[in-house]
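Next comes run18.cif, a file with mmCIF, C-alpha atoms.
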```cif
data_run
#
loop_
_atom_site.label_atom_id
_atom_site.label_comp_id
_atom_site.auth_asym_id
_atom_site.auth_seq_id
_atom_site.Cartn_x
_atom_site.Cartn_y
_atom_site.Cartn_z
CA MET E 1 141.06 61.09 133.54
CA ALA E 2 137.33 60.41 133.05
CA PHE E 3 137.57 56.68 133.84
CA HIS E 4 139.11 57.41 137.24
CA TRP E 5 136.47 60.06 137.95
CA PHE E 6 133.66 57.59 137.21
CA GLY E 7 135.46 54.81 139.07
CA GLY E 8 135.28 52.31 136.22
CA VAL E 9 135.13 51.79 132.47
CA PHE E 10 131.93 51.76 130.44
CA ARG E 11 131.58 48.72 128.20
CA THR E 12 130.58 50.78 125.15
CA LEU E 13 131.45 54.39 124.37
CA ARG E 14 130.01 56.42 121.50
CA PHE E 15 132.21 58.96 119.72
CA ASP E 16 132.00 61.61 117.06
CA ASN E 17 134.37 61.01 114.18
CA LEU E 18 137.31 62.79 115.80
CA THR E 19 140.51 62.63 113.76
CA SER E 20 142.54 61.30 116.69
CA ALA E 21 140.36 58.15 116.61
CA VAL E 22 139.08 57.83 113.03
CA LYS E 23 141.41 57.59 110.08
CA LYS E 24 138.69 56.96 107.49
CA ILE E 25 134.87 56.79 107.52
CA LEU E 26 133.67 53.60 105.82
CA ARG E 27 130.17 52.36 105.01
CA GLY E 28 127.54 52.62 107.73
CA HIS E 29 129.04 52.72 111.21
CA GLN E 30 132.28 51.08 110.18
CA ARG E 31 135.44 53.08 110.70
CA GLU E 32 139.13 52.68 110.02
CA GLU E 33 140.53 53.60 113.42
CA THR E 34 143.94 55.09 114.14
CA THR E 35 146.57 52.80 115.61
CA ARG E 36 146.82 54.94 118.73
CA PHE E 37 143.07 54.81 119.38
CA ILE E 38 142.97 51.02 118.90
CA ALA E 39 145.73 50.71 121.51
CA PHE E 40 143.84 53.08 123.82
CA ARG E 41 140.51 51.22 123.78
CA SER E 42 142.26 47.84 123.92
CA HIS E 43 144.11 48.93 127.05
CA TRP E 44 140.93 50.04 128.85
CA GLY E 45 138.76 47.25 127.42
CA PHE E 46 135.78 49.08 125.92
CA GLN E 47 133.99 48.91 122.58
CA ALA E 48 133.72 52.03 120.42
CA GLU E 49 130.73 53.15 118.37
CA PHE E 50 130.79 56.15 116.05
CA CYS E 51 127.95 58.51 115.18
CA THR E 52 126.75 59.19 111.66
CA PRO E 53 128.29 62.47 110.40
CA GLY E 54 125.83 65.36 110.50
CA GLU E 55 123.19 63.46 112.51
CA GLY E 56 123.11 65.28 115.82
CA HIS E 57 119.88 63.57 116.91
CA GLU E 58 121.84 60.33 117.50
CA LYS E 59 123.28 61.85 120.66
CA GLY E 60 120.58 64.33 121.59
CA GLY E 61 120.80 63.53 125.30
CA VAL E 62 124.50 64.34 125.35
CA GLU E 63 123.95 67.61 123.48
CA GLY E 64 121.17 68.59 125.87
CA GLU E 65 123.17 67.84 129.01
CA GLY E 66 126.18 69.62 127.55
CA GLY E 67 124.08 72.73 127.01
CA GLN E 68 122.69 72.51 130.53
CA PHE E 69 126.21 72.31 132.00
CA ARG E 70 127.42 75.24 129.89
CA ARG E 71 124.53 77.50 130.92
CA ASN E 72 124.95 76.72 134.62
CA HIS E 73 128.73 76.67 134.97
CA LEU E 74 130.27 78.47 132.00
CA VAL E 75 128.07 81.57 131.65
CA PRO E 76 129.44 84.19 131.61
CA VAL E 77 132.46 82.80 129.81
CA PRO E 78 135.12 82.22 132.50
CA ARG E 79 138.60 83.67 132.27
CA VAL E 80 141.42 81.25 133.06
CA HIS E 81 145.20 81.38 132.75
CA ASN E 82 145.82 77.85 131.48
CA LEU E 83 144.28 74.46 130.78
CA GLU E 84 144.92 73.23 134.32
CA GLU E 85 142.79 76.03 135.75
CA LEU E 86 140.04 75.33 133.20
CA ASN E 87 140.08 71.62 134.09
CA ARG E 88 139.73 72.44 137.78
CA LEU E 89 136.76 74.65 136.95
CA LEU E 90 135.11 71.88 134.94
CA GLU E 91 135.74 69.33 137.67
CA SER E 92 134.17 71.64 140.25
CA GLY E 93 131.08 71.98 138.05
CA ALA E 94 130.87 68.20 137.63
CA ASP E 95 131.02 67.76 141.41
CA GLN E 96 128.17 70.26 141.85
CA GLU E 97 126.10 68.41 139.25
CA GLN E 98 126.04 65.31 141.43
CA ALA E 99 123.54 67.00 143.76
CA ARG E 100 121.14 67.78 140.88
CA LEU E 101 117.88 65.86 140.50
CA ILE E 102 116.89 65.17 136.88
CA THR E 103 113.19 65.56 136.13
CA GLY E 104 111.41 62.23 136.40
CA ARG E 105 114.11 60.61 138.57
CA SER E 106 113.82 59.88 142.28
CA GLN E 107 117.55 60.03 143.03
CA THR E 108 120.24 62.59 142.42
CA ILE E 109 122.87 62.22 139.70
CA GLY E 110 125.50 61.40 142.31
CA ALA E 111 123.41 58.64 143.90
CA LEU E 112 122.64 57.06 140.54
CA MET E 113 126.30 57.22 139.56
CA LEU E 114 127.30 55.36 142.73
CA ALA E 115 124.73 52.67 141.98
CA GLU E 116 125.95 52.29 138.40
CA ARG E 117 129.61 52.21 139.44
CA GLU E 118 129.10 48.78 141.00
CA HIS E 119 128.35 47.36 137.53
CA LEU E 120 131.27 48.95 135.68
CA PRO E 121 134.33 46.89 134.76
CA SER E 122 137.27 47.81 136.98
CA LEU E 123 140.09 50.07 135.88
CA ALA E 124 143.29 48.70 134.38
CA ALA E 125 146.14 48.37 136.85
CA GLU E 126 148.27 50.84 134.89
CA GLY E 127 147.36 53.99 133.03
CA PHE E 128 147.78 54.62 129.32
CA ASP E 129 150.25 57.20 128.03
CA LEU E 130 148.19 59.60 125.92
CA ALA E 131 151.14 61.66 124.76
CA ALA E 132 151.43 62.12 121.01
CA LEU E 133 154.88 61.22 119.69
CA HIS E 134 156.72 62.75 116.73
CA PHE E 135 160.31 62.35 115.57
CA PRO E 136 161.33 65.52 113.68
CA GLN E 137 164.84 66.62 112.72
CA VAL E 138 166.53 69.86 113.74
CA ASN E 139 166.63 72.26 110.78
CA GLN E 140 169.13 74.99 109.82
CA SER E 141 167.46 77.42 112.25
CA GLY E 142 167.87 75.08 115.19
CA CYS E 143 164.15 74.27 115.22
CA VAL E 144 162.04 71.15 114.84
CA LYS E 145 158.70 71.14 113.04
CA VAL E 146 155.86 69.55 114.98
CA LEU E 147 152.50 69.56 113.22
CA THR E 148 152.41 73.05 111.66
CA ASN E 149 154.74 74.98 113.99
CA PHE E 150 158.49 75.26 114.60
CA TYR E 151 160.02 74.99 118.09
CA SER E 152 163.63 75.79 119.00
CA THR E 153 166.07 73.27 120.51
CA PRO E 154 169.72 73.47 121.65
CA LEU E 155 170.72 70.50 119.44
CA PRO E 156 172.87 70.39 116.29
CA VAL E 157 171.35 70.54 112.81
CA GLY E 158 170.16 67.14 111.57
CA THR E 159 169.60 65.64 115.03
CA THR E 160 166.46 63.52 115.33
CA VAL E 161 164.40 64.53 118.37
CA GLU E 162 161.59 62.77 120.21
CA ALA E 163 158.76 65.32 120.53
CA ARG E 164 156.22 64.34 123.17
CA SER E 165 152.97 66.20 123.71
CA THR E 166 151.95 66.42 127.36
CA ARG E 167 149.39 69.17 127.09
CA PRO E 168 149.82 72.01 127.32
CA MET E 169 153.55 71.40 126.77
CA TRP E 170 155.77 69.92 124.10
CA ARG E 171 158.83 68.19 125.54
CA TYR E 172 161.80 67.27 123.38
CA GLY E 173 164.10 64.38 124.22
CA HIS E 174 167.42 63.12 122.92
CA GLY E 175 169.76 60.51 124.31
CA GLY E 176 167.43 59.73 127.19
CA HIS E 177 167.29 63.34 128.39
CA CYS E 178 164.69 66.09 128.06
CA VAL E 179 166.62 68.83 126.25
CA ALA E 180 163.87 71.44 125.77
CA GLN E 181 160.25 72.20 126.49
CA HIS E 182 157.81 74.73 125.09
CA GLU E 183 154.24 75.63 125.79
CA ARG E 184 152.23 74.27 122.91
CA CYS E 185 151.25 76.81 120.27
CA TYR E 186 147.72 76.34 118.92
CA GLU E 187 148.15 78.77 116.04
CA ARG E 188 149.54 77.68 112.67
CA HIS E 189 152.88 78.28 110.94
CA GLN E 190 154.45 79.97 113.97
CA GLN E 191 157.98 79.92 115.38
CA VAL E 192 158.21 79.34 119.14
CA LEU E 193 161.73 80.27 120.23
CA GLU E 194 163.63 80.07 123.52
CA LEU E 195 166.42 82.59 124.11
CA ASP E 196 168.61 80.09 125.99
CA HIS E 197 168.90 77.99 122.83
CA TYR E 198 170.65 80.81 120.94
CA LEU E 199 173.03 82.31 123.48
CA ASN E 200 176.04 81.00 121.54
CA VAL E 201 174.84 82.98 118.50
CA LEU E 202 174.48 86.12 120.59
CA GLN E 203 177.93 85.60 122.08
CA LYS E 204 179.80 84.70 118.90
CA LYS E 205 177.82 86.52 116.19
CA PRO E 206 176.03 89.45 117.85
CA GLY E 207 175.42 91.22 114.54
CA ALA E 208 173.27 88.34 113.35
CA MET E 209 170.79 88.92 116.17
CA ALA E 210 169.58 92.41 115.33
CA ASP E 211 167.01 91.37 112.74
CA ARG E 212 166.25 87.87 113.96
CA ARG E 213 162.70 86.91 114.86
CA LEU E 214 164.03 85.57 118.18
CA TRP E 215 165.32 89.01 119.16
CA LYS E 216 161.99 90.66 118.34
CA GLN E 217 159.95 87.93 120.00
CA CYS E 218 161.95 88.05 123.24
CA ARG E 219 161.76 91.84 123.43
CA ALA E 220 158.00 91.81 122.85
CA GLN E 221 157.55 89.26 125.65
CA GLY E 222 159.93 90.99 128.08
CA ARG E 223 162.42 88.10 127.98
CA TRP E 224 165.46 90.08 126.78
CA PRO E 225 167.58 91.02 129.85
CA ALA E 226 169.40 94.34 129.91
CA SER E 227 172.69 92.44 130.32
CA TYR E 228 172.25 91.09 126.77
CA ASP E 229 171.98 94.63 125.43
CA ARG E 230 175.28 95.45 127.13
CA LEU E 231 176.85 92.37 125.61
CA LEU E 232 175.48 93.20 122.19
CA GLY E 233 176.64 96.81 122.38
CA GLU E 234 180.17 95.91 123.50
CA SER E 235 180.54 93.28 120.79
CA GLN E 236 179.34 95.64 118.08
CA ARG E 237 181.68 98.41 119.27
CA THR E 238 184.75 96.16 119.29
CA GLY E 239 183.79 94.38 116.08
CA ARG E 240 184.56 90.98 117.58
CA PRO E 241 182.71 88.40 119.65
CA SER E 242 182.53 89.21 123.33
CA ASP E 243 184.77 87.22 125.66
CA TRP E 244 182.27 87.35 128.50
CA HIS E 245 181.71 84.02 130.15
CA ALA E 246 179.49 82.36 132.72
CA GLY E 247 180.14 83.80 136.16
CA ASP E 248 181.01 87.30 134.91
CA ASP E 249 179.06 89.83 136.95
CA ARG E 250 178.11 91.73 133.82
CA SER E 251 176.46 88.86 131.94
CA PRO E 252 174.75 85.52 132.63
CA VAL E 253 175.66 84.18 129.17
CA VAL E 254 176.41 80.47 129.05
CA GLU E 255 176.79 78.02 126.22
CA PRO E 256 173.67 75.96 125.40
CA HIS E 257 173.88 72.43 126.75
CA LEU E 258 171.72 69.43 127.50
CA TRP E 259 169.81 69.61 130.75
CA ARG E 260 166.94 67.77 132.37
CA CYS E 261 163.65 69.62 132.19
CA PRO E 262 162.05 70.48 135.53
CA ARG E 263 159.32 68.14 136.71
CA ALA E 264 156.77 70.90 137.14
CA SER E 265 156.12 73.41 134.38
CA GLY E 266 156.20 77.06 135.29
CA GLY E 267 154.54 80.03 133.68
CA ARG E 268 153.99 80.67 130.02
CA ARG E 269 157.02 80.24 127.80
CA GLY E 270 157.37 80.69 124.08
CA ALA E 271 154.77 82.07 121.70
CA SER E 272 151.08 81.70 122.24
#
```
Can I see the file as structure tokens?
Amino acid sequence: MAFHWFGGVFRTLRFDNLTSAVKKILRGHQREETTRFIAFRSHWGFQAEFCTPGEGHEKGGVEGEGGQFRRNHLVPVPRVHNLEELNRLLESGADQEQARLITGRSQTIGALMLAEREHLPSLAAEGFDLAALHFPQVNQSGCVKVLTNFYSTPLPVGTTVEARSTRPMWRYGHGGHCVAQHERCYERHQQVLELDHYLNVLQKKPGAMADRRLWKQCRAQGRWPASYDRLLGESQRTGRPSDWHAGDDRSPVVEPHLWRCPRASGGRRGAS
């Protein structure tokens, strides 16, 4: 987090009118702030000021330094696999900037930052949870709607789920357990589906899978094992649900259940 990188908290911070902080723009510089942002600045103990919409000259120094950083560290446009890699790239660029000498100054950026750090208020003893929280209900398709997208879960229809955003992931909790997690989708009106959440449908109603979006999505992403094709073919030939079970050498099918999500996220899962 920026406060830890600087080693302290600035007494006053100036913001654009970002929707996560500003609920409504009032007269002059007055703003109706979101409850979450009020809690955030109260925790860290700083005052917030907001720029006038459309008046870029109010923060010209920031715009200029941002352009300088982009030209020196982000040209050509870097290719990264995820947000963690991008953040490491940005942090490396910020470290390199500390050796730069700004025109008209006698000390480097790093030296001036160390001198200023002595005058910053100290950090709070505990951090602040920045995760966004939502409490959607599981719909008839076994999904919950968070913002504009739908994400699958292994829970019954009508169950209320705690959806927590820990970028770049959404984690879904129920009964004190994490029951599902998906990589966050930044598109709109998409369905992000996990095959494990629908194995009971494949096992009991294989004919319902042929035209489902899940089936097409998993095949396109290479997440449809050949063993599921064998299960589907056998069930369709016999005209009844397959009696395969967990532990059968021919199929890894198991019933969906609650499980604790792993502490570390792996590769990309779900739709992008």
Practice problem: For Gln190 of chain E, work out the shell of residues within 9 Å, counting only C-alpha atoms and skipping chain neighbours fewer than 4 positions away, then give it as a list in words. | Solution: Thr148, Asn149, Phe150, Tyr151, Cys185 and Ala271 of chain E
Show me, as a PDB file with C-alpha atoms, keeping the file's coordinate frame, the residues that have an atom within 9 Å of segment 218-220 of chain E when counting all atoms listed in the file, minus same-chain residues fewer than 5 positions from it.
```pdb
ATOM      1  CA  LEU E 193     161.730  80.270 120.230  1.00  0.00           C
ATOM      2  CA  GLU E 194     163.630  80.070 123.520  1.00  0.00           C
ATOM      3  CA  LEU E 195     166.420  82.590 124.110  1.00  0.00           C
ATOM      4  CA  ARG E 213     162.700  86.910 114.860  1.00  0.00           C
ATOM      5  CA  PRO E 225     167.580  91.020 129.850  1.00  0.00           C
ATOM      6  CA  GLY E 270     157.370  80.690 124.080  1.00  0.00           C
TER       7      GLY E 270
END
```
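Computed from the coordinates, the atom CA of Ser106 of chain E to atom CA of Arg70 of chain E distance equals 24.0 Å.
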Exercise. Could you expand the PyMOL selection byres ((chain E and resi 122-126) around 9) into the explicit residues it covers here, written as a list in words?
Key: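 Answer for the PyMOL selection byres ((chain E and resi 122-126) around 9): Phe3, His4, Gly7, Gly8, Val9, His43, Trp44, Gly45, His119, Leu120, Pro121, Gly127 and Phe128 of chain E.
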Exercise. Write out as a PyMOL selection string each polymer residue whose atoms come within 10 Å of Lys23 of chain E, counting all atoms listed in the file; drop sequence neighbours fewer than 4 positions from it.
Key: chain E and resi 17-19+31-35+37
Exercise. Do a neighbour search on Ala131 of chain E at 8 Å with only C-alpha atoms, toss out local chain neighbours closer than 6 positions, and write the hits as a PyMOL selection string.
Key: chain E and resi 164-166
Quiz item: If you measure from atom CA of Ser20 of chain E to atom CA of Ala132 of chain E, what distance in Å do you get, rounded to one decimal?
Solution: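 According to the coordinates, atom CA of Ser20 of chain E and atom CA of Ala132 of chain E are separated by 9.9 Å.
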Practice problem: Take atom CA of Gly173 of chain E and atom CA of Gln217 of chain E and report the distance between them in Å, one decimal. | Solution: 24.3 Å
Kindly compute an axis-aligned box around the listed atoms of segment 17-21 of chain E, allowing 6 Å on each side, and express its centre and edge lengths in Å to one decimal as AutoDock Vina command-line options.
```
--center_x 138.5 --center_y 60.5 --center_z 115.2 --size_x 20.2 --size_y 16.6 --size_z 14.9
```
Counting only C-alpha atoms, write as a PDB file with C-alpha atoms, in the coordinates of the input all protein and nucleic acid residues lying at most 6 Å from (154.5, 72.1, 122.8) in the file's frame.
```
ATOM      1  CA  MET E 169     153.550  71.400 126.770  1.00  0.00           C
ATOM      2  CA  TRP E 170     155.770  69.920 124.100  1.00  0.00           C
ATOM      3  CA  HIS E 182     157.810  74.730 125.090  1.00  0.00           C
ATOM      4  CA  GLU E 183     154.240  75.630 125.790  1.00  0.00           C
ATOM      5  CA  ARG E 184     152.230  74.270 122.910  1.00  0.00           C
TER       6      ARG E 184
END
```
Practice problem: Run the PyMOL selection byres ((chain E and resi 140) around 9) against the file shown and list the residues it catches, as a PyMOL selection string. | Solution: chain E and resi 138-139+141-143+156-158
